[in-house]
>>> print(open('model36.txt').read())   # compact mmCIF, C-alpha atoms
# COMPACT_ATOMS: atom_id res chain seq x y z
CA MET A 91 36.69 37.15 -3.64
CA VAL A 92 33.16 37.59 -2.40
CA HIS A 93 32.37 40.67 -4.51
CA SER A 94 34.93 40.69 -7.33
CA ASN A 95 33.57 41.21 -10.83
CA GLN A 96 33.98 38.57 -13.54
CA THR A 97 36.04 36.15 -11.45
CA LEU A 98 36.35 32.40 -11.69
CA VAL A 99 35.39 30.63 -8.50
CA THR A 100 36.91 27.59 -6.84
CA HIS A 101 34.35 27.43 -4.07
CA PHE A 102 31.01 28.89 -3.04
CA ILE A 103 29.75 30.12 0.32
CA ILE A 104 26.31 28.84 1.35
CA LYS A 105 24.66 31.76 3.09
CA GLY A 106 21.86 29.65 4.56
CA PHE A 107 19.80 31.54 7.12
CA SER A 108 22.60 33.73 8.45
CA GLU A 109 20.50 36.90 8.04
CA VAL A 110 18.31 35.78 10.97
CA PRO A 111 20.91 34.98 13.67
CA GLU A 112 18.36 35.11 16.47
CA PHE A 113 16.57 32.08 14.99
CA GLN A 114 19.64 29.93 14.24
CA ALA A 115 18.97 27.40 17.02
CA ILE A 116 15.29 27.12 16.10
CA ILE A 117 16.07 26.67 12.40
CA PHE A 118 18.73 24.03 13.14
CA CYS A 119 16.30 22.06 15.32
CA LEU A 120 13.59 22.40 12.64
CA VAL A 121 15.89 21.17 9.84
CA LEU A 122 17.21 18.32 11.98
CA LEU A 123 13.70 17.27 12.96
CA ILE A 124 12.54 17.34 9.33
CA TYR A 125 15.55 15.28 8.29
CA ILE A 126 15.10 12.65 11.02
CA ILE A 127 11.34 12.28 10.41
CA SER A 128 11.86 11.99 6.66
CA ILE A 129 14.65 9.42 6.88
CA ALA A 130 12.88 7.37 9.56
CA GLY A 131 9.48 7.39 7.84
CA ASN A 132 10.78 6.48 4.40
CA LEU A 133 13.20 3.89 5.79
CA ILE A 134 10.31 2.17 7.56
CA ILE A 135 8.42 2.00 4.25
CA VAL A 136 11.47 0.46 2.53
CA ILE A 137 11.96 -2.10 5.31
CA LEU A 138 8.28 -3.08 5.33
CA VAL A 139 8.16 -3.55 1.55
CA CYS A 140 11.36 -5.61 1.58
CA LEU A 141 10.40 -7.85 4.51
CA ASP A 142 6.61 -8.26 4.35
CA SER A 143 5.42 -10.84 1.84
CA TYR A 144 1.98 -9.17 1.59
CA LEU A 145 3.63 -6.06 0.13
CA LYS A 146 5.41 -7.90 -2.69
CA THR A 147 3.23 -6.24 -5.32
CA PRO A 148 3.99 -3.73 -8.12
CA MET A 149 2.31 -0.90 -6.22
CA TYR A 150 4.59 -1.31 -3.21
CA PHE A 151 7.61 -1.97 -5.40
CA PHE A 152 7.20 1.52 -6.83
CA LEU A 153 6.42 2.90 -3.37
CA CYS A 154 9.75 1.48 -2.19
CA ASN A 155 11.49 3.29 -5.06
CA LEU A 156 9.65 6.49 -4.13
CA SER A 157 10.82 6.20 -0.52
CA LEU A 158 14.42 5.63 -1.64
CA LEU A 159 14.14 8.76 -3.77
CA ASP A 160 12.79 10.76 -0.84
CA ILE A 161 15.65 9.61 1.40
CA SER A 162 18.15 10.60 -1.29
CA SER A 163 16.56 13.97 -2.10
CA VAL A 164 16.22 15.16 1.51
CA THR A 165 19.82 14.10 2.18
CA VAL A 166 21.10 15.94 -0.90
CA THR A 167 19.31 19.19 -0.02
CA LEU A 168 19.58 19.31 3.77
CA HIS A 169 22.91 17.67 4.61
CA LYS A 170 25.00 20.76 3.88
CA ILE A 171 22.94 23.15 6.00
CA LEU A 172 23.15 20.68 8.90
CA LEU A 173 26.94 20.44 8.48
CA ILE A 174 27.17 24.24 8.42
CA TYR A 175 25.36 24.50 11.75
CA ILE A 176 27.50 21.74 13.30
CA SER A 177 30.94 22.65 11.93
CA GLY A 178 30.54 26.35 11.13
CA ASN A 179 32.13 25.76 7.70
CA ASN A 180 29.80 27.16 5.04
CA LYS A 181 32.15 26.64 2.08
CA VAL A 182 31.42 24.16 -0.70
CA SER A 183 33.76 23.43 -3.59
CA PHE A 184 32.73 24.20 -7.15
CA LEU A 185 32.63 20.48 -7.92
CA GLY A 186 30.65 19.80 -4.75
CA CYS A 187 28.12 22.49 -5.66
CA MET A 188 27.68 21.15 -9.19
CA THR A 189 27.30 17.62 -7.83
CA GLN A 190 24.62 18.70 -5.36
CA LEU A 191 22.74 20.61 -8.07
CA PHE A 192 22.96 17.66 -10.48
CA LEU A 193 21.66 15.19 -7.90
CA PHE A 194 18.85 17.52 -6.83
CA VAL A 195 17.60 18.08 -10.40
CA ALA A 196 18.00 14.38 -11.23
CA LEU A 197 16.07 13.23 -8.15
CA VAL A 198 13.21 15.64 -8.87
CA GLY A 199 12.94 14.14 -12.36
CA ASP A 200 13.17 10.63 -10.91
CA GLU A 201 10.35 11.33 -8.47
CA LEU A 202 8.04 12.69 -11.16
CA SER A 203 8.84 9.65 -13.33
CA ILE A 204 8.18 7.14 -10.54
CA LEU A 205 4.84 8.82 -9.81
CA THR A 206 4.03 8.46 -13.52
CA ALA A 207 4.84 4.74 -13.36
CA MET A 208 2.65 4.43 -10.27
CA SER A 209 -0.26 6.05 -12.11
CA TYR A 210 0.10 3.47 -14.90
CA ASP A 211 0.15 0.72 -12.27
CA ARG A 212 -3.11 2.04 -10.79
CA TYR A 213 -4.60 2.25 -14.29
CA VAL A 214 -3.87 -1.42 -14.98
CA ALA A 215 -5.10 -2.48 -11.52
CA ILE A 216 -8.46 -0.71 -11.89
CA CYS A 217 -9.10 -0.79 -15.64
CA ASN A 218 -7.58 -4.21 -16.46
CA PRO A 219 -7.67 -6.16 -13.19
CA LEU A 220 -7.78 -9.60 -14.87
CA ARG A 221 -4.54 -8.89 -16.75
CA TYR A 222 -2.84 -7.08 -13.87
CA GLN A 223 -0.42 -9.87 -12.94
CA ALA A 224 0.56 -10.46 -16.56
CA LEU A 225 1.00 -6.78 -17.49
CA MET A 226 2.74 -5.74 -14.26
CA ASN A 227 5.07 -8.69 -13.72
CA HIS A 228 8.40 -8.31 -11.95
CA ARG A 229 10.39 -7.88 -15.17
CA VAL A 230 8.13 -5.10 -16.43
CA CYS A 231 8.19 -3.29 -13.07
CA THR A 232 11.99 -3.51 -12.87
CA LEU A 233 12.32 -2.20 -16.42
CA MET A 234 9.94 0.69 -15.71
CA ALA A 235 11.77 1.64 -12.51
CA THR A 236 15.15 1.50 -14.28
CA ILE A 237 13.88 3.77 -17.07
CA CYS A 238 12.49 6.22 -14.49
CA TRP A 239 15.81 6.44 -12.64
CA LEU A 240 17.80 6.84 -15.87
CA TYR A 241 15.36 9.44 -17.20
CA GLY A 242 15.82 11.63 -14.15
CA PHE A 243 19.60 11.57 -14.35
CA LEU A 244 19.72 12.09 -18.12
CA GLN A 245 17.40 15.12 -18.05
CA ALA A 246 19.68 16.74 -15.44
CA VAL A 247 22.74 16.63 -17.71
CA PRO A 248 21.86 19.77 -19.77
CA TYR A 249 21.48 21.80 -16.56
CA ILE A 250 24.97 20.91 -15.38
CA CYS A 251 26.52 21.39 -18.80
CA LEU A 252 25.04 24.88 -19.07
CA ILE A 253 25.65 26.02 -15.47
CA SER A 254 29.17 24.61 -15.20
CA SER A 255 30.05 26.52 -18.38
CA PHE A 256 29.48 29.88 -16.63
CA SER A 257 32.88 31.56 -16.88
CA CYS A 258 32.56 34.20 -14.17
CA TYR A 259 30.61 35.23 -11.10
CA LYS A 260 29.84 38.58 -9.48
CA SER A 261 29.96 36.85 -6.11
CA ASN A 262 30.61 33.40 -4.72
CA VAL A 263 27.93 33.75 -2.01
CA ILE A 264 24.89 31.56 -2.71
CA ASN A 265 21.90 33.14 -0.98
CA HIS A 266 20.22 29.82 -0.31
CA PHE A 267 20.66 26.72 1.87
CA PHE A 268 21.87 24.52 -1.00
CA CYS A 269 23.17 24.88 -4.56
CA ASP A 270 20.05 25.55 -6.60
CA ILE A 271 19.57 26.90 -10.11
CA VAL A 272 18.01 30.30 -9.41
CA PRO A 273 20.57 31.55 -6.83
CA LEU A 274 23.44 30.46 -9.08
CA MET A 275 21.90 32.33 -12.01
CA GLN A 276 21.57 35.43 -9.83
CA ILE A 277 25.28 35.62 -8.98
CA THR A 278 26.79 34.80 -12.37
CA CYS A 279 27.94 37.49 -14.77
CA SER A 280 27.85 35.06 -17.70
CA ASP A 281 25.08 35.07 -20.26
CA THR A 282 22.20 32.96 -18.91
CA SER A 283 19.88 33.33 -21.91
CA VAL A 284 20.53 29.79 -23.19
CA LEU A 285 19.83 28.31 -19.75
CA GLU A 286 16.68 30.43 -19.37
CA LEU A 287 15.51 29.30 -22.81
CA TYR A 288 16.12 25.67 -21.91
CA ILE A 289 14.23 26.05 -18.62
CA LEU A 290 11.27 27.66 -20.42
CA THR A 291 11.15 25.10 -23.23
CA GLY A 292 13.05 21.82 -22.95
CA SER A 293 13.00 21.60 -19.17
CA ASN A 294 9.29 22.34 -18.88
CA ILE A 295 8.53 19.72 -21.51
CA LEU A 296 10.88 17.01 -20.19
CA VAL A 297 10.48 17.53 -16.45
CA GLY A 298 7.08 19.19 -16.14
CA LEU A 299 4.61 18.70 -18.97
CA THR A 300 5.53 15.18 -20.09
CA PRO A 301 5.38 13.49 -16.64
CA SER A 302 2.26 15.44 -15.64
CA PHE A 303 0.54 14.54 -18.92
CA LEU A 304 1.51 10.86 -18.61
CA THR A 305 0.32 10.91 -14.99
CA CYS A 306 -3.03 12.55 -15.76
CA VAL A 307 -3.99 10.46 -18.80
CA PRO A 308 -4.30 7.14 -16.88
CA TYR A 309 -6.50 8.89 -14.32
CA ILE A 310 -8.92 9.95 -17.04
CA PHE A 311 -9.50 6.26 -17.78
CA ILE A 312 -9.45 5.40 -14.06
CA ILE A 313 -12.16 7.95 -13.25
CA SER A 314 -14.20 6.82 -16.23
CA THR A 315 -13.96 3.20 -15.06
CA ILE A 316 -14.82 4.08 -11.46
CA LEU A 317 -17.92 6.03 -12.54
CA ARG A 318 -19.15 2.98 -14.46
CA ILE A 319 -19.02 0.80 -11.33
CA ARG A 320 -22.62 0.36 -10.19
CA SER A 321 -22.19 -0.24 -6.48
CA SER A 322 -21.11 2.62 -4.24
CA THR A 323 -18.96 0.18 -2.26
CA GLY A 324 -17.11 -0.83 -5.41
CA ARG A 325 -16.56 2.79 -6.42
CA ARG A 326 -15.30 3.64 -2.94
CA LYS A 327 -12.92 0.68 -2.92
CA ALA A 328 -11.56 1.49 -6.39
CA PHE A 329 -10.99 5.13 -5.48
CA TYR A 330 -9.36 4.12 -2.21
CA THR A 331 -6.69 2.12 -4.05
CA CYS A 332 -5.41 5.26 -5.78
CA SER A 333 -6.24 7.98 -3.24
CA SER A 334 -2.78 7.94 -1.63
CA HIS A 335 -1.08 8.27 -5.00
CA ILE A 336 -3.35 11.16 -6.03
CA THR A 337 -2.57 12.95 -2.77
CA VAL A 338 1.20 12.58 -3.26
CA VAL A 339 1.01 13.71 -6.91
CA VAL A 340 -0.96 16.84 -6.03
CA LEU A 341 1.38 17.59 -3.12
CA LEU A 342 4.53 17.27 -5.25
CA TYR A 343 3.27 19.38 -8.15
CA VAL A 344 1.92 22.09 -5.84
CA THR A 345 5.24 22.36 -3.96
CA LEU A 346 7.20 22.46 -7.24
CA PHE A 347 4.87 25.18 -8.52
CA PHE A 348 5.41 27.39 -5.47
CA GLN A 349 9.15 26.71 -5.50
CA TYR A 350 9.95 27.34 -9.16
CA LEU A 351 6.95 28.84 -10.96
CA ARG A 352 6.30 31.81 -8.71
CA PRO A 353 6.10 35.26 -10.34
CA VAL A 354 9.39 37.13 -10.59
CA SER A 355 8.20 39.60 -7.96
CA MET A 356 8.07 36.71 -5.47
CA ASN A 357 11.61 35.47 -6.15
CA ASN A 358 13.24 37.38 -3.29
CA LEU A 359 15.38 34.60 -1.86
CA ASN A 360 15.84 36.35 1.47
CA SER A 361 12.11 36.22 2.15
CA LYS A 362 11.41 32.88 0.48
CA LYS A 363 14.06 30.53 1.87
CA LEU A 364 11.83 29.25 4.64
CA LEU A 365 9.13 28.56 2.05
CA SER A 366 11.73 26.76 -0.06
CA LEU A 367 12.76 24.75 3.00
CA PHE A 368 9.16 23.67 3.48
CA ASN A 369 8.72 22.90 -0.22
CA THR A 370 11.96 20.89 -0.36
CA ALA A 371 11.16 18.84 2.73
CA ALA A 372 7.36 18.61 2.53
CA VAL A 373 7.13 15.69 0.10
CA PRO A 374 9.82 13.47 1.71
CA VAL A 375 8.25 14.03 5.15
CA LEU A 376 4.60 13.65 4.16
CA ASN A 377 4.88 10.75 1.69
CA PRO A 378 5.36 8.01 4.30
CA LEU A 379 2.67 9.58 6.50
CA ILE A 380 0.19 9.64 3.62
CA TYR A 381 0.86 6.04 2.64
CA SER A 382 0.88 4.76 6.22
CA LEU A 383 -2.22 6.66 7.39
CA LYS A 384 -4.31 6.07 4.25
CA ASN A 385 -3.19 2.53 3.45
CA LYS A 386 -4.52 -0.50 5.31
CA ASP A 387 -1.87 -2.83 3.86
CA VAL A 388 0.99 -0.68 5.14
CA LYS A 389 -0.64 -0.32 8.56
CA SER A 390 -1.20 -4.08 8.76
CA ALA A 391 2.39 -4.76 7.70
CA MET A 392 3.66 -2.33 10.32
CA SER A 393 1.53 -4.04 12.96
CA ARG A 394 2.89 -7.48 12.00
CA TRP A 395 6.46 -6.12 11.99
CA LEU A 396 6.09 -4.58 15.46
CA LYS A 397 4.57 -7.78 16.88
CA SER A 398 7.37 -9.90 15.45
>>> encode(input="model36.txt", output="structure tokens")
Amino acid sequence: MVHSNQTLVTHFIIKGFSEVPEFQAIIFCLVLLIYIISIAGNLIIVILVCLDSYLKTPMYFFLCNLSLLDISSVTVTLHKILLIYISGNNKVSFLGCMTQLFLFVALVGDELSILTAMSYDRYVAICNPLRYQALMNHRVCTLMATICWLYGFLQAVPYICLISSFSCYKSNVINHFFCDIVPLMQITCSDTSVLELYILTGSNILVGLTPSFLTCVPYIFIISTILRIRSSTGRRKAFYTCSSHITVVVLLYVTLFFQYLRPVSMNNLNSKKLLSLFNTAAVPVLNPLIYSLKNKDVKSAMSRWLKS
């Protein structure tokens, strides 16, 4: 059934990195190392925020949510390729593939939304410090986080509705290491024009432009406020409080750009899967490093946790 025209599929075959058999052991070790570092780093952040009383603030509440998202996203994207290397079974059911795709798209939307909420938190902390506790109380933070999680999952529904409606496939071999949108569109013989239109319009607005706009606007006011601070020490301290968040935002948007907004001439999946592997895993791996290396509170909490 691998190359039959206009055929319904009951399962897909994840090709992974089978075209480079001489590097299988290296790739497996690389993927496993990325997975372990990502899970361990983000889990440490979650544990510190939950246990350390000094981190019971809105900023670290959202950071905890971000770490939970990173744990979920790296598990969703990398677990199948690890199972393939261990078991040798590279088949995934149609339902399993759609579930993986849905979770991946939803978690990307969730992460962009949480980063947007974090930018608002930094705006209130720097531009309205006297009202910070009142504006960013526990109820407001919980409501914002809930909306972010729901937003990500709701914006993923149209993708699944459109892709699961594909009636036939030229092949059931997915030339990627997980079920992603582009490789599925490349093997279907159904009309993809509606999905392409949604990606170019609705998806870009909901998942790309809206979160990026809502993330950038608070920083316009933040930068304006920082520039009005007279002392260089005050400006440095204010910028330091949002430097980690800026780094993570830039990192995420750059990786998404290279993963999904490359020119068509660069969409050769055979030559770009390693780049996609880096893009998929870069944010979950680097987020805890950025927040632990650039954040005195996290380093202090880690020191107290290790001593205890």
>>> closest_atom_pairs(input="model36.txt", of="region 111-161 of chain A", to="region 370-377 of chain A", cutoff="9 Å", atoms="all atoms listed in the file", output="Markdown table")
| residue | atom | partner | partner_atom | distance |
| --- | --- | --- | --- | --- |
| A:Val121 | CA | A:Ala371 | CA | 8.9 |
| A:Ile124 | CA | A:Val375 | CA | 6.8 |
| A:Tyr125 | CA | A:Ala371 | CA | 7.9 |
| A:Ile127 | CA | A:Val375 | CA | 6.3 |
| A:Ser128 | CA | A:Val375 | CA | 4.4 |
| A:Ile129 | CA | A:Val375 | CA | 8.1 |
| A:Gly131 | CA | A:Val375 | CA | 7.3 |
| A:Asn132 | CA | A:Pro374 | CA | 7.6 |
| A:Leu156 | CA | A:Asn377 | CA | 8.6 |
| A:Ser157 | CA | A:Pro374 | CA | 7.7 |
| A:Leu159 | CA | A:Pro374 | CA | 8.4 |
| A:Asp160 | CA | A:Pro374 | CA | 4.8 |
| A:Ile161 | CA | A:Pro374 | CA | 7.0 |
>>> write_last_selection(input="model36.txt", atoms="C-alpha atoms", output="JSON list (two decimals), keeping the file's coordinate frame")
[["chain", "number", "residue", "atom", "x", "y", "z"],
["A", 121, "VAL", "CA", 15.89, 21.17, 9.84],
["A", 124, "ILE", "CA", 12.54, 17.34, 9.33],
["A", 125, "TYR", "CA", 15.55, 15.28, 8.29],
["A", 127, "ILE", "CA", 11.34, 12.28, 10.41],
["A", 128, "SER", "CA", 11.86, 11.99, 6.66],
["A", 129, "ILE", "CA", 14.65, 9.42, 6.88],
["A", 131, "GLY", "CA", 9.48, 7.39, 7.84],
["A", 132, "ASN", "CA", 10.78, 6.48, 4.40],
["A", 156, "LEU", "CA", 9.65, 6.49, -4.13],
["A", 157, "SER", "CA", 10.82, 6.20, -0.52],
["A", 159, "LEU", "CA", 14.14, 8.76, -3.77],
["A", 160, "ASP", "CA", 12.79, 10.76, -0.84],
["A", 161, "ILE", "CA", 15.65, 9.61, 1.40]]
>>> closest_residue(input="model36.txt", among="A:Cys306, A:Ile104, A:Ala391, A:Val272", to="Asn180 (chain A)", atoms="all atoms listed in the file")
A:Ile104
>>> atom_distance(input="model36.txt", atom1="CA of Gln245 (chain A)", atom2="CA of Ser302 (chain A)")
15.3 Å
>>> closest_residue(input="model36.txt", among="A:Phe152, A:Ile135, A:Leu172, A:Ser398", to="Thr206 (chain A)", atoms="all atoms listed in the file")
A:Phe152
>>> closest_residue(input="model36.txt", among="A:Ser203, A:Tyr222, A:Arg229, A:Ile216", to="Ile319 (chain A)", atoms="only C-alpha atoms")
A:Ile216
>>> residues_around(input="model36.txt", residues="Phe102 (chain A)", least_positions_apart="2", cutoff="8 Å", atoms="only C-alpha atoms", output="list in words")
Val99, Thr100, Ile104, Lys181, Val182, Ser183, Phe184, Cys187, Asn262, Val263 and Ile264 of chain A
>>> write_last_selection(input="model36.txt", atoms="C-alpha atoms", output="PDB file, keeping the file's coordinate frame")
ATOM      1  CA  VAL A  99      35.390  30.630  -8.500  1.00  0.00           C
ATOM      2  CA  THR A 100      36.910  27.590  -6.840  1.00  0.00           C
ATOM      3  CA  ILE A 104      26.310  28.840   1.350  1.00  0.00           C
ATOM      4  CA  LYS A 181      32.150  26.640   2.080  1.00  0.00           C
ATOM      5  CA  VAL A 182      31.420  24.160  -0.700  1.00  0.00           C
ATOM      6  CA  SER A 183      33.760  23.430  -3.590  1.00  0.00           C
ATOM      7  CA  PHE A 184      32.730  24.200  -7.150  1.00  0.00           C
ATOM      8  CA  CYS A 187      28.120  22.490  -5.660  1.00  0.00           C
ATOM      9  CA  ASN A 262      30.610  33.400  -4.720  1.00  0.00           C
ATOM     10  CA  VAL A 263      27.930  33.750  -2.010  1.00  0.00           C
ATOM     11  CA  ILE A 264      24.890  31.560  -2.710  1.00  0.00           C
TER      12      ILE A 264
END
>>> closest_residue(input="model36.txt", among="A:Pro248, A:Pro308, A:Pro273, A:Pro301", to="Leu285 (chain A)", atoms="only C-alpha atoms")
A:Pro248
>>> closest_atom_pairs(input="model36.txt", of="region 193-237 of chain A", to="region 327-345 of chain A", cutoff="10 Å", atoms="only C-alpha atoms", output="Markdown table")
| residue | atom | partner | partner_atom | distance |
| --- | --- | --- | --- | --- |
| A:Val198 | CA | A:Leu342 | CA | 9.5 |
| A:Glu201 | CA | A:Leu342 | CA | 8.9 |
| A:Leu202 | CA | A:Leu342 | CA | 8.3 |
| A:Leu205 | CA | A:Val339 | CA | 6.9 |
| A:Thr206 | CA | A:Val339 | CA | 9.0 |
| A:Met208 | CA | A:His335 | CA | 7.5 |
| A:Ser209 | CA | A:His335 | CA | 7.5 |
| A:Asp211 | CA | A:Cys332 | CA | 9.7 |
| A:Arg212 | CA | A:Cys332 | CA | 6.4 |
| A:Tyr213 | CA | A:Cys332 | CA | 9.1 |
| A:Ala215 | CA | A:Thr331 | CA | 8.9 |
| A:Ile216 | CA | A:Ala328 | CA | 6.7 |
| A:Cys217 | CA | A:Ala328 | CA | 9.8 |
>>> closest_residue(input="model36.txt", among="A:Met188, A:Val214, A:Met226, A:Cys238", to="Ser254 (chain A)", atoms="only C-alpha atoms")
A:Met188
>>> closest_residue(input="model36.txt", among="A:Gly324, A:Pro148, A:Pro111, A:Gly106", to="Asn227 (chain A)", atoms="all atoms listed in the file")
A:Pro148
>>> atom_distance(input="model36.txt", atom1="CA of Phe113 (chain A)", atom2="CA of Phe194 (chain A)")
26.3 Å
>>> atom_distance(input="model36.txt", atom1="CA of Thr278 (chain A)", atom2="CA of Val247 (chain A)")
19.4 Å
>>> closest_atom_pairs(input="model36.txt", of="region 271-343 of chain A", to="region 249-252 of chain A", cutoff="9 Å", atoms="all atoms listed in the file", output="Markdown table")
| residue | atom | partner | partner_atom | distance |
| --- | --- | --- | --- | --- |
| A:Ile271 | CA | A:Tyr249 | CA | 8.4 |
| A:Thr282 | CA | A:Leu252 | CA | 8.6 |
| A:Val284 | CA | A:Leu252 | CA | 7.8 |
| A:Leu285 | CA | A:Leu252 | CA | 6.3 |
| A:Tyr288 | CA | A:Tyr249 | CA | 8.5 |
| A:Ile289 | CA | A:Tyr249 | CA | 8.7 |
| A:Ser293 | CA | A:Tyr249 | CA | 8.9 |
